[in-house]
Structures are given as structure tokens and as C-alpha cells.
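See structure below.
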Amino acid sequence: MKQYIVDAFTSKPFAGNPAAVCVMDKWPSEESMMKLAMENNLSETAFIVKEEQGYHLRWFTPGTEVELCGHATLASSFVILNYYEPESDIVRFQTLSGLLTIRRKGNLYEMDFPTFELKEIPVTDAMESAFGVRPIKAVLGLDLICVFDSEEQVRKMEPDQLKLMQIEGRVQNATAKGTDVDCVSRSFCPKVSVPEDPVCGSAHVQIADYWSKELQKDSIDAYQASKRGGYLHCEKREEGRMVISGEAVLVAISDLAVELE
């Protein structure tokens, strides 16, 4: 079985968000997939099997299976459309979040994701203690979005991982209005054994939805201000859907020396 390492949301290697992608003939056990995800120690390892109804995609962090992952979906699309179906510019995946459709447009891969209902919640002392800075607003969907007063606060914060685990959301996001882009964000995921996600596509479904309403514009250019960094173009095209676009680059192709049971 081959494993591809792809950097997503970047046009150059060793930036963006790395994901491992495994394309298989049949499903191994969840235990085997979990062990490989732990061995890779990347924020996500994606597993793909072609079934009668099309490709089935699952995502694993080093700690658990997740229901939605943007950068590993981008990486999976890159692998399928470049190495398995290079004549095609569209791929569809059956996932825990339903049917996901990805289109190749030049160097970009457009991912059509469902949005989540966002509701404003009170800013708490626990949030301030976890992030080290007090948010000016907090919004909860699948993930927590804490809005801060400045881009500099988001870039410089050093949150307490244990305290992040005690507050709301699957992922705890810090975001602020950007100077060169519409918004700047960081995504912390200690609940799924990922201290900080270099570039989080699924979080930006919610972050972009928030800023789209706040800035009253359908198109949001976002920057993830992690050490690796990455750019996402987000566009609201219809109610309940968000298109997240980005580039990707191949870093490695390897042959697994062990068989997954």
C-alpha cells in the first residue's frame, strides 16, 4: 500500500498543513488505522477505499477518528486527481459529514462543505485563562471561535493546552480581523491530540461563515498564522454551504512495509 504525504493550503513544500493519504483496496481494522495515524504523528491521516457508490474517505488524528477535516480532504483530492484519475477534475467522497464534492480549478482545489449553526455565547474567565488574552466575542458551532481585538494578539498568544481542553468546542479557534487578509486565525485541538493545527479547513468553514456575516461579504481570504502558515479562499455560494479553496504540493510517496490488518 502506498502512502502519500501532501502539504495542503500551500504552493511550496514544508509549509501549509501536512497530511498522509492512504488509498486502499479494502478497509483494515480501525485499530490498524489508528496505529498508523499515531505512527505518522501528523494532524491527520486520510484513508480512502473505492466502493460501489464511489470513494469513501475517513480521517484519523493521532488520537481519534474525526467527522470532518478540510486539509486532509484537499490532500486526498490532490492524490486522487493526480495519481488515480488524472483525466478528471472532480472527485466525490462519502464521509461522516455526508457527500463532499471537490473540483480542480487550475492550481486550486475547491471543497464544498456544509456549514454549522453558529450561536454567540458569553465570553468567560475560563476562555481568557486558556488563551491568555480576553476575547471580545465567542461563537460556538462544531468548534469554538473566540474573536480577539487584534491580529497581533492572535499571532503572539501562547495558550494553555490543558485549560483549552476545559472550554467549549471540538477545536478552539482564535481569530481577528486581518490587515492584509480578511481574517487571521489559529486553531488549537488538544481534545483530539493535536496541540495546534497548522491550517484547519474544517474550522474555516465556521470562521469564514462568521466573518462573512461580520464583514457583509460572501468571499473571505483567510490566513492561518501557525508556524507553517497557510492561505484559504472561502466563498459562501448558497445557504448552508461554504466552498474552501487552496493549493497543495506533494512531499513524498512511500510504500508501507507492514500490512494493515
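Each chain of the C-alpha cells is named A, B, ... in the order shown, its residues numbered from 1; ligands are numbered from 1 in display order.
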TODO: Name all residues at most 10 Å from Trp27 of chain A (count only C-alpha atoms; drop same-chain ones fewer than 5 positions away) and give them as a count of residues only.
DONE: 9
- [ ] Find the residues around segment 121-129 of chain A up to 10 Å (only C-alpha atoms counted), leave out those fewer than 6 positions away in its own chain, and share them as a VMD selection string.
- [x] chain A and resid 135 to 140 144 to 147 159 to 160 163 to 164 166 to 168 172
Next, write the just-selected residues to a file, as an mmCIF file, in the first residue's frame, keeping N, CA and C atoms as the atom set.
data_model
loop_
_atom_site.group_PDB
_atom_site.id
_atom_site.type_symbol
_atom_site.label_atom_id
_atom_site.label_comp_id
_atom_site.auth_asym_id
_atom_site.auth_seq_id
_atom_site.Cartn_x
_atom_site.Cartn_y
_atom_site.Cartn_z
ATOM 1 N N PRO A 135 -11.099 37.334 24.987
ATOM 2 C CA PRO A 135 -11.788 37.560 23.714
ATOM 3 C C PRO A 135 -12.801 38.702 23.842
ATOM 4 N N ILE A 136 -13.106 39.315 22.704
ATOM 5 C CA ILE A 136 -14.163 40.326 22.700
ATOM 6 C C ILE A 136 -15.512 39.710 22.336
ATOM 7 N N LYS A 137 -15.476 38.482 21.799
ATOM 8 C CA LYS A 137 -16.714 37.778 21.444
ATOM 9 C C LYS A 137 -16.404 36.291 21.362
ATOM 10 N N ALA A 138 -17.406 35.444 21.606
ATOM 11 C CA ALA A 138 -17.261 33.998 21.473
ATOM 12 C C ALA A 138 -18.465 33.445 20.728
ATOM 13 N N VAL A 139 -18.203 32.565 19.759
ATOM 14 C CA VAL A 139 -19.248 31.952 18.939
ATOM 15 C C VAL A 139 -19.000 30.452 18.922
ATOM 16 N N LEU A 140 -20.072 29.665 19.031
ATOM 17 C CA LEU A 140 -19.932 28.215 19.090
ATOM 18 C C LEU A 140 -20.709 27.548 17.968
ATOM 19 N N LEU A 144 -15.253 26.077 18.751
ATOM 20 C CA LEU A 144 -15.341 27.373 19.417
ATOM 21 C C LEU A 144 -14.546 28.401 18.621
ATOM 22 N N ILE A 145 -15.147 29.550 18.382
ATOM 23 C CA ILE A 145 -14.474 30.660 17.726
ATOM 24 C C ILE A 145 -14.423 31.813 18.715
ATOM 25 N N CYS A 146 -13.221 32.158 19.154
ATOM 26 C CA CYS A 146 -13.037 33.309 20.024
ATOM 27 C C CYS A 146 -12.440 34.441 19.197
ATOM 28 N N VAL A 147 -13.122 35.570 19.212
ATOM 29 C CA VAL A 147 -12.718 36.730 18.418
ATOM 30 C C VAL A 147 -11.925 37.675 19.307
ATOM 31 N N PRO A 159 -1.419 29.759 24.233
ATOM 32 C CA PRO A 159 -2.489 29.252 25.099
ATOM 33 C C PRO A 159 -2.060 28.058 25.951
ATOM 34 N N ASP A 160 -2.801 27.856 27.018
ATOM 35 C CA ASP A 160 -2.591 26.738 27.929
ATOM 36 C C ASP A 160 -3.404 25.553 27.400
ATOM 37 N N LYS A 163 -5.976 23.947 29.794
ATOM 38 C CA LYS A 163 -7.148 24.787 30.007
ATOM 39 C C LYS A 163 -8.027 24.848 28.764
ATOM 40 N N LEU A 164 -7.424 24.767 27.568
ATOM 41 C CA LEU A 164 -8.225 24.721 26.348
ATOM 42 C C LEU A 164 -9.152 23.507 26.354
ATOM 43 N N GLN A 166 -10.737 22.329 28.694
ATOM 44 C CA GLN A 166 -11.858 22.508 29.626
ATOM 45 C C GLN A 166 -12.931 23.444 29.091
ATOM 46 N N ILE A 167 -12.687 24.073 27.922
ATOM 47 C CA ILE A 167 -13.688 25.002 27.396
ATOM 48 C C ILE A 167 -14.390 24.393 26.186
ATOM 49 N N GLU A 168 -15.360 25.097 25.662
ATOM 50 C CA GLU A 168 -16.266 24.555 24.664
ATOM 51 C C GLU A 168 -15.562 24.266 23.333
ATOM 52 N N GLN A 172 -10.560 24.778 19.427
ATOM 53 C CA GLN A 172 -10.658 26.124 19.985
ATOM 54 C C GLN A 172 -9.883 27.077 19.065
#
Task: Residues flagged strand (DSSP E or B) by DSSP in segment 2-158 of chain A, as a PyMOL selection string - done: chain A and resi 2-8+17-24+44-51+54-60+65-66+90-95+98-105+108-114+119-121+137-140+144-147
- [ ] Using DSSP on the backbone coordinates, identify all residues within segment 51-163 of chain A classified as alpha helix (DSSP H); present the result as a list in words.
- [x]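 Secondary structure check on segment 51-163 of chain A, alpha helix (DSSP H): Gly70, His71, Ala72, Thr73, Leu74, Ala75, Ser76, Ser77, Phe78, Val79, Asp125, Ala126, Met127, Glu128, Ser129, Ala130, Phe131, Glu151, Glu152, Gln153, Val154, Arg155, Lys156, Gln161, Leu162 and Lys163 of chain A.
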Next, the residues of the selection above should be written as a CSV table (one decimal), in the first residue's frame with C-alpha atoms.
chain,number,residue,atom,x,y,z
A,70,GLY,CA,-10.5,20.1,5.4
A,71,HIS,CA,-6.8,19.9,4.7
A,72,ALA,CA,-6.8,16.1,4.6
A,73,THR,CA,-9.7,16.3,2.1
A,74,LEU,CA,-7.7,18.7,0.0
A,75,ALA,CA,-4.7,16.3,0.2
A,76,SER,CA,-6.9,13.3,-0.7
A,77,SER,CA,-8.3,15.2,-3.7
A,78,PHE,CA,-4.8,16.1,-4.9
A,79,VAL,CA,-3.8,12.4,-4.7
A,125,ASP,CA,-12.9,33.9,32.5
A,126,ALA,CA,-12.1,30.3,31.6
A,127,MET,CA,-11.6,31.4,27.9
A,128,GLU,CA,-9.4,34.3,29.0
A,129,SER,CA,-7.3,32.0,31.2
A,130,ALA,CA,-7.0,29.4,28.4
A,131,PHE,CA,-5.9,31.8,25.6
A,151,GLU,CA,-4.2,40.3,14.7
A,152,GLU,CA,-1.1,40.7,16.9
A,153,GLN,CA,-2.9,39.1,19.9
A,154,VAL,CA,-3.7,36.1,17.8
A,155,ARG,CA,-0.2,35.7,16.3
A,156,LYS,CA,1.6,36.1,19.7
A,161,GLN,CA,-3.4,23.4,26.3
A,162,LEU,CA,-4.8,21.8,29.5
A,163,LYS,CA,-7.1,24.8,30.0
Task: Proximity to Lys227 of chain A - best of A:Met38, A:Val199, A:Met1, A:Ala8, only C-alpha atoms - done: A:Val199
- [ ] Write out as a list of chain:residue names which residues come within 10 Å of Ala37 of chain A when counting only C-alpha atoms, dropping same-chain ones fewer than 3 positions away.
- [x]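 The residues that qualify are A:Ala19, A:Ala20, A:Glu31, A:Ser32, A:Met33, A:Met34, A:Asn40, A:Asn41, A:Leu42, A:Ser43, A:Glu44, A:Thr45, A:Ala46, A:Phe47, A:Trp59, A:Phe60, A:Thr61, A:Pro62, A:Gly63, A:Thr64, A:Glu65.
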Task: Residue among A:Pro195, A:Gly230, A:Pro13, A:Gly141 lying closest to Ser245 of chain A, counting only C-alpha atoms - done: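 The closest residue to Ser245 of chain A is A:Gly230.
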Open item on the list: With only C-alpha atoms as the counted atoms, please give the residues lying no more than 10 Å from Leu108 of chain A, apart from itself and same-chain residues fewer than 6 positions off, as a list in words.
Closed with: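 Once the adjacent positions are removed, what remains is Phe9, Thr10, Ser11, Leu74, Phe78, His233, Ile244, Ser245, Gly246, Glu247 and Ala248 of chain A.
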Please save N, CA and C atoms of the selected residues as an mmCIF file, in the first residue's frame.
data_model
loop_
_atom_site.group_PDB
_atom_site.id
_atom_site.type_symbol
_atom_site.label_atom_id
_atom_site.label_comp_id
_atom_site.auth_asym_id
_atom_site.auth_seq_id
_atom_site.Cartn_x
_atom_site.Cartn_y
_atom_site.Cartn_z
ATOM 1 N N PHE A 9 -2.961 23.628 1.431
ATOM 2 C CA PHE A 9 -3.111 25.068 1.602
ATOM 3 C C PHE A 9 -1.772 25.794 1.462
ATOM 4 N N THR A 10 -0.965 25.325 0.530
ATOM 5 C CA THR A 10 0.312 25.964 0.238
ATOM 6 C C THR A 10 0.751 25.582 -1.170
ATOM 7 N N SER A 11 1.602 26.411 -1.781
ATOM 8 C CA SER A 11 2.162 26.110 -3.105
ATOM 9 C C SER A 11 3.611 25.668 -3.009
ATOM 10 N N LEU A 74 -8.447 18.055 1.073
ATOM 11 C CA LEU A 74 -7.709 18.669 -0.029
ATOM 12 C C LEU A 74 -6.572 17.750 -0.479
ATOM 13 N N PHE A 78 -6.075 15.904 -4.093
ATOM 14 C CA PHE A 78 -4.829 16.052 -4.852
ATOM 15 C C PHE A 78 -4.308 14.689 -5.297
ATOM 16 N N HIS A 233 -8.994 30.411 0.590
ATOM 17 C CA HIS A 233 -10.019 31.272 -0.002
ATOM 18 C C HIS A 233 -11.364 30.620 0.290
ATOM 19 N N ILE A 244 -14.284 26.018 0.348
ATOM 20 C CA ILE A 244 -12.939 26.322 0.825
ATOM 21 C C ILE A 244 -11.953 25.882 -0.245
ATOM 22 N N SER A 245 -11.110 26.810 -0.716
ATOM 23 C CA SER A 245 -10.170 26.506 -1.795
ATOM 24 C C SER A 245 -8.735 26.705 -1.330
ATOM 25 N N GLY A 246 -7.843 25.874 -1.882
ATOM 26 C CA GLY A 246 -6.423 26.020 -1.579
ATOM 27 C C GLY A 246 -5.585 25.202 -2.531
ATOM 28 N N GLU A 247 -4.293 25.438 -2.490
ATOM 29 C CA GLU A 247 -3.346 24.677 -3.293
ATOM 30 C C GLU A 247 -2.783 23.528 -2.466
ATOM 31 N N ALA A 248 -2.034 22.641 -3.142
ATOM 32 C CA ALA A 248 -1.397 21.522 -2.453
ATOM 33 C C ALA A 248 -0.141 21.130 -3.206
#
Open item on the list: Could you tell me how far atom CA of Gln3 of chain A sits from atom CA of Arg92 of chain A, in Å to one decimal place?
Closed with: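 Between these atoms lies a distance of 19.9 Å.
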